[in-house]
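Asks: Quick one: the structure is below, and I'll ask about it shortly.
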Amino acid sequence: MKFYSFPPSPNVRKVSAVIAHLGIDDVEPQLVNLAKGEHKQPDFLAINPMGRLPALTDDRGLVLWESNAICQFLCERHGDTPFYPRDARTRADIARWLFWEASAWARPTEILTHENVRKPMLGVGEPDAAQVRQGEEQFRPLAALLDEHLSTRKFLVGDTVTLADFVVAGAATYLERGRFPIADFPHLQAWWDRLHQIPAWKDTIPSADLPS
Ligand SMILES: N[C@@H](CCC(=O)N[C@@H](CS)C(=O)NCC(=O)O)C(=O)O
């Protein structure tokens with residue numbers, strides 16, 4: 001399978017972390033350099049007409065985009081694991097967090113990532129103070145929800161790491177460099193620290209340098 005990737009991208013990082021955690025060995029990363037606009041070139045648009053990363057293809061006609069769908073597919077294909085148990089109730093709980101990430105959490109995390117990390121990284125201007133303020137305002141109530149949820153459990157779905165954690169945390173990949181306002185959320189911070197004990201999570205932290 002080909003995994004169209006750009007390592008600094010938070011949505012790509014979700015998939016990279018899943019691949020590393022499950023020890024999947026038949027996925028070949030294919031760099032699509034966002035910094036050079038390769039994601040808007042016709043050959044990549046033929047794979048993902050949205051012009052976004054990540055995407056996954058195989059030689060049997062699979063063409064999949066949307067990071068959470070790719071993560072789910074890889075987990076499902078890997079079988080019944082504690083990371084993605086077959087039990088229907090647990091899977092529904094994981095799915096809830098995946099939908100929540102895509103429909104709510106991704107918005108402020110993307111704004112703060114764009115303003116505080118991507119702009120300086122790509123050299124495309126200063127952070128826009130009004131956008132940062134809006135990102136922070138949208139972030140706080142969602143972070144409070146996570147903080148409350150994590151006050152009684154180690155991970156989002158009980159006391160074992162699951163795909164739900166990698167997807168929600170993946171969107172917040174630049175929590176520190178993006179200056180996400182987490183000071184008031186100790187359970188969220190503790191969960192973040194706990195995730196960093198997991199080798200696949202720690203090993204897929206994007207480097208500060210752009211791929212060439
Ligand atoms: N909902 C999509 C979002 C994908 C997305 O926005 N990816 C970013 C990188 S993190 C991207 O390709 N941005 C390029 C652009 O929007 O031009 C997913 O989860 O895959």
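Naming works like this for the structure tokens: A, B, ... for the chains as they're shown, residue 1 at the start of each chain, ligands 1 onward in shown order.
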Mind listing the residues within 6 Å of ligand 1, only C-alpha atoms and all ligand atoms counted, as a count of residues only?
Replies: 9
Asks: Residues near Leu163 (chain A), anyone? I mean within 10 Å using only C-alpha atoms, not counting same-chain ones fewer than 5 positions away, as a short mmCIF file (atom, residue, chain, number, x, y, z; two decimals) with C-alpha atoms, in the first residue's frame.
Replies:
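Result saved to selection_1.cif:
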```cif
data_model
loop_
_atom_site.label_atom_id
_atom_site.label_comp_id
_atom_site.auth_asym_id
_atom_site.auth_seq_id
_atom_site.Cartn_x
_atom_site.Cartn_y
_atom_site.Cartn_z
CA LYS A 14 -2.32 10.12 13.24
CA VAL A 15 -1.82 7.50 10.52
CA ALA A 17 1.36 6.60 14.78
CA VAL A 18 -1.23 3.89 14.06
CA HIS A 21 1.80 1.16 17.08
CA ASN A 68 -9.75 8.94 10.43
CA CYS A 71 -6.81 4.88 10.58
CA GLN A 72 -10.01 2.89 11.00
CA CYS A 75 -7.01 -1.00 12.47
CA PRO A 82 -6.76 -3.72 22.57
CA PHE A 83 -6.08 -0.62 20.44
CA TYR A 84 -9.21 -1.27 18.35
CA PRO A 85 -11.24 -4.04 20.00
CA ARG A 91 -15.94 0.53 18.75
CA ILE A 94 -14.07 5.06 19.64
CA ALA A 95 -16.16 6.15 16.63
CA TRP A 97 -14.37 10.41 19.48
CA LEU A 98 -13.37 10.16 15.83
CA LEU A 156 -10.43 8.40 26.27
CA VAL A 157 -12.01 4.94 26.18
CA VAL A 168 -7.84 13.28 19.18
CA ALA A 169 -4.23 13.80 20.27
#
```
Asks: If you count only C-alpha atoms, which residues fall within 8 Å of region 174-177 of chain A, apart from same-chain ones fewer than 4 positions away, as a list of chain:residue names?
Replies: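 Listed by chain and then number, they are A:Pro10, A:Thr113, A:Asn116, A:Val117.
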Asks: Dump C-alpha atoms for the selected residues as a tab-separated table (two decimals), in the first residue's frame?
Replies:
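File again-v5.tsv, as written:
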```
chain	number	residue	atom	x	y	z
A	10	PRO	CA	-1.01	16.42	12.13
A	113	THR	CA	-1.56	24.99	14.30
A	116	ASN	CA	1.39	29.49	15.43
A	117	VAL	CA	3.23	26.67	13.64
```
Asks: Report as a PyMOL selection string: the residues of region 97-155 of chain A with a DSSP assignment of alpha helix (DSSP H), based on the backbone of this structure.
Replies: chain A and resi 97-100+106-113+119-122+129-149
Asks: Any chance you could list, as an mmCIF file with all heavy atoms, in the first residue's frame, the residues in region 18-63 of chain A that come up strand (DSSP E) when DSSP is run on the backbone?
Replies:
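Wrote it out as result.cif, contents follow:
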```cif
data_model
loop_
_atom_site.group_PDB
_atom_site.id
_atom_site.type_symbol
_atom_site.label_atom_id
_atom_site.label_comp_id
_atom_site.auth_asym_id
_atom_site.auth_seq_id
_atom_site.Cartn_x
_atom_site.Cartn_y
_atom_site.Cartn_z
ATOM 1 N N GLU A 28 4.039 1.718 2.298
ATOM 2 C CA GLU A 28 5.231 2.420 1.815
ATOM 3 C C GLU A 28 4.924 3.926 1.780
ATOM 4 O O GLU A 28 4.034 4.362 1.035
ATOM 5 C CB GLU A 28 5.488 1.904 0.390
ATOM 6 C CG GLU A 28 6.676 2.461 -0.319
ATOM 7 C CD GLU A 28 6.562 2.146 -1.826
ATOM 8 O OE1 GLU A 28 5.918 1.132 -2.192
ATOM 9 O OE2 GLU A 28 7.081 2.947 -2.611
ATOM 10 N N PRO A 29 5.612 4.715 2.614
ATOM 11 C CA PRO A 29 5.330 6.160 2.596
ATOM 12 C C PRO A 29 5.778 6.800 1.279
ATOM 13 O O PRO A 29 6.794 6.429 0.713
ATOM 14 C CB PRO A 29 6.157 6.721 3.756
ATOM 15 C CG PRO A 29 6.689 5.552 4.493
ATOM 16 C CD PRO A 29 6.664 4.367 3.585
ATOM 17 N N GLN A 30 4.968 7.723 0.819
ATOM 18 C CA GLN A 30 5.227 8.423 -0.446
ATOM 19 C C GLN A 30 5.116 9.903 -0.112
ATOM 20 O O GLN A 30 4.013 10.380 0.186
ATOM 21 C CB GLN A 30 4.102 8.007 -1.406
ATOM 22 C CG GLN A 30 4.266 8.370 -2.819
ATOM 23 C CD GLN A 30 4.975 7.237 -3.589
ATOM 24 O OE1 GLN A 30 5.107 6.121 -3.078
ATOM 25 N NE2 GLN A 30 5.420 7.549 -4.776
ATOM 26 N N LEU A 31 6.246 10.602 -0.122
ATOM 27 C CA LEU A 31 6.218 12.014 0.276
ATOM 28 C C LEU A 31 5.478 12.872 -0.753
ATOM 29 O O LEU A 31 5.768 12.796 -1.953
ATOM 30 C CB LEU A 31 7.655 12.534 0.453
ATOM 31 C CG LEU A 31 7.776 13.999 0.860
ATOM 32 C CD1 LEU A 31 7.314 14.218 2.298
ATOM 33 C CD2 LEU A 31 9.222 14.487 0.704
ATOM 34 N N ALA A 55 -3.416 10.215 2.254
ATOM 35 C CA ALA A 55 -4.221 9.318 1.410
ATOM 36 C C ALA A 55 -3.528 7.964 1.405
ATOM 37 O O ALA A 55 -2.333 7.860 1.724
ATOM 38 C CB ALA A 55 -4.330 9.878 -0.013
ATOM 39 N N LEU A 56 -4.310 6.943 1.060
ATOM 40 C CA LEU A 56 -3.785 5.573 1.056
ATOM 41 C C LEU A 56 -4.320 4.868 -0.185
ATOM 42 O O LEU A 56 -5.512 4.982 -0.491
ATOM 43 C CB LEU A 56 -4.284 4.852 2.320
ATOM 44 C CG LEU A 56 -3.739 3.461 2.604
ATOM 45 C CD1 LEU A 56 -2.317 3.561 3.177
ATOM 46 C CD2 LEU A 56 -4.624 2.735 3.628
ATOM 47 N N THR A 57 -3.443 4.168 -0.896
ATOM 48 C CA THR A 57 -3.910 3.388 -2.052
ATOM 49 C C THR A 57 -3.299 1.993 -1.973
ATOM 50 O O THR A 57 -2.289 1.786 -1.298
ATOM 51 C CB THR A 57 -3.470 4.032 -3.392
ATOM 52 O OG1 THR A 57 -2.042 4.079 -3.440
ATOM 53 C CG2 THR A 57 -4.031 5.423 -3.576
ATOM 54 N N VAL A 63 -8.575 3.478 -2.948
ATOM 55 C CA VAL A 63 -8.127 4.875 -2.915
ATOM 56 C C VAL A 63 -8.879 5.506 -1.745
ATOM 57 O O VAL A 63 -10.088 5.709 -1.815
ATOM 58 C CB VAL A 63 -8.459 5.628 -4.222
ATOM 59 C CG1 VAL A 63 -7.962 7.075 -4.137
ATOM 60 C CG2 VAL A 63 -7.825 4.948 -5.428
#
```
Asks: Which polymer residues have any atom within 12 Å of an atom of region 183-185 of chain A, counting only C-alpha atoms, with same-chain residues fewer than 5 positions away left out, as a count of residues only?
Replies: 18
Asks: Closest to Glu76 (chain A) among A:Leu22, A:Val161, A:Leu188, A:Leu195, using only C-alpha atoms?
Replies: A:Leu22
Asks: Using Å and a single decimal, report how far CA of Ser5 (chain A) sits from CA of Leu122 (chain A).
Replies: 17.0 Å
Asks: If I take CA of Phe166 (chain A) and CA of Ser103 (chain A), how far is one from the other in Å, to one decimal?
Replies: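 Spanning CA of Phe166 (chain A) to CA of Ser103 (chain A) is a straight-line distance of 16.1 Å.
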Asks: Can you tell me how far CA of Ala92 (chain A) sits from CA of Trp65 (chain A), in Å to one decimal?
Replies: 21.1 Å
Asks: Do a neighbour search on Ala106 (chain A) at 9 Å with only C-alpha atoms, toss out local chain neighbours closer than 5 positions, and write the hits as an NGL selection string.
Replies: :A and (100-101 or 111 or 168 or 171-172)
Asks: Could you write out that same residue set with N, CA and C atoms as a tab-separated table (two decimals), in the first residue's frame?
Replies:
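Listed below is the output, again-v9.tsv:
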```tsv
chain	number	residue	atom	x	y	z
A	100	TRP	N	-16.21	13.29	16.79
A	100	TRP	CA	-16.06	14.53	17.57
A	100	TRP	C	-14.81	15.28	17.14
A	101	GLU	N	-13.75	14.55	16.93
A	101	GLU	CA	-12.50	15.19	16.48
A	101	GLU	C	-12.74	15.90	15.15
A	111	ILE	N	-6.74	25.89	13.58
A	111	ILE	CA	-6.48	27.34	13.59
A	111	ILE	C	-5.17	27.63	14.31
A	168	VAL	N	-7.60	12.00	18.50
A	168	VAL	CA	-7.84	13.28	19.18
A	168	VAL	C	-6.50	13.97	19.49
A	171	ALA	N	-4.67	15.48	16.29
A	171	ALA	CA	-5.07	16.82	15.86
A	171	ALA	C	-4.35	17.89	16.68
A	172	ALA	N	-3.97	17.52	17.91
A	172	ALA	CA	-3.29	18.46	18.81
A	172	ALA	C	-1.78	18.23	18.81
```
Asks: I'd like the neighbourhood of Val27 (chain A) as number ranges by chain, where a residue qualifies if any of its atoms comes within 9 Å (using only C-alpha atoms), though same-chain residues fewer than 3 positions away should be ignored.
Replies: A: 1-3, 19, 24, 56
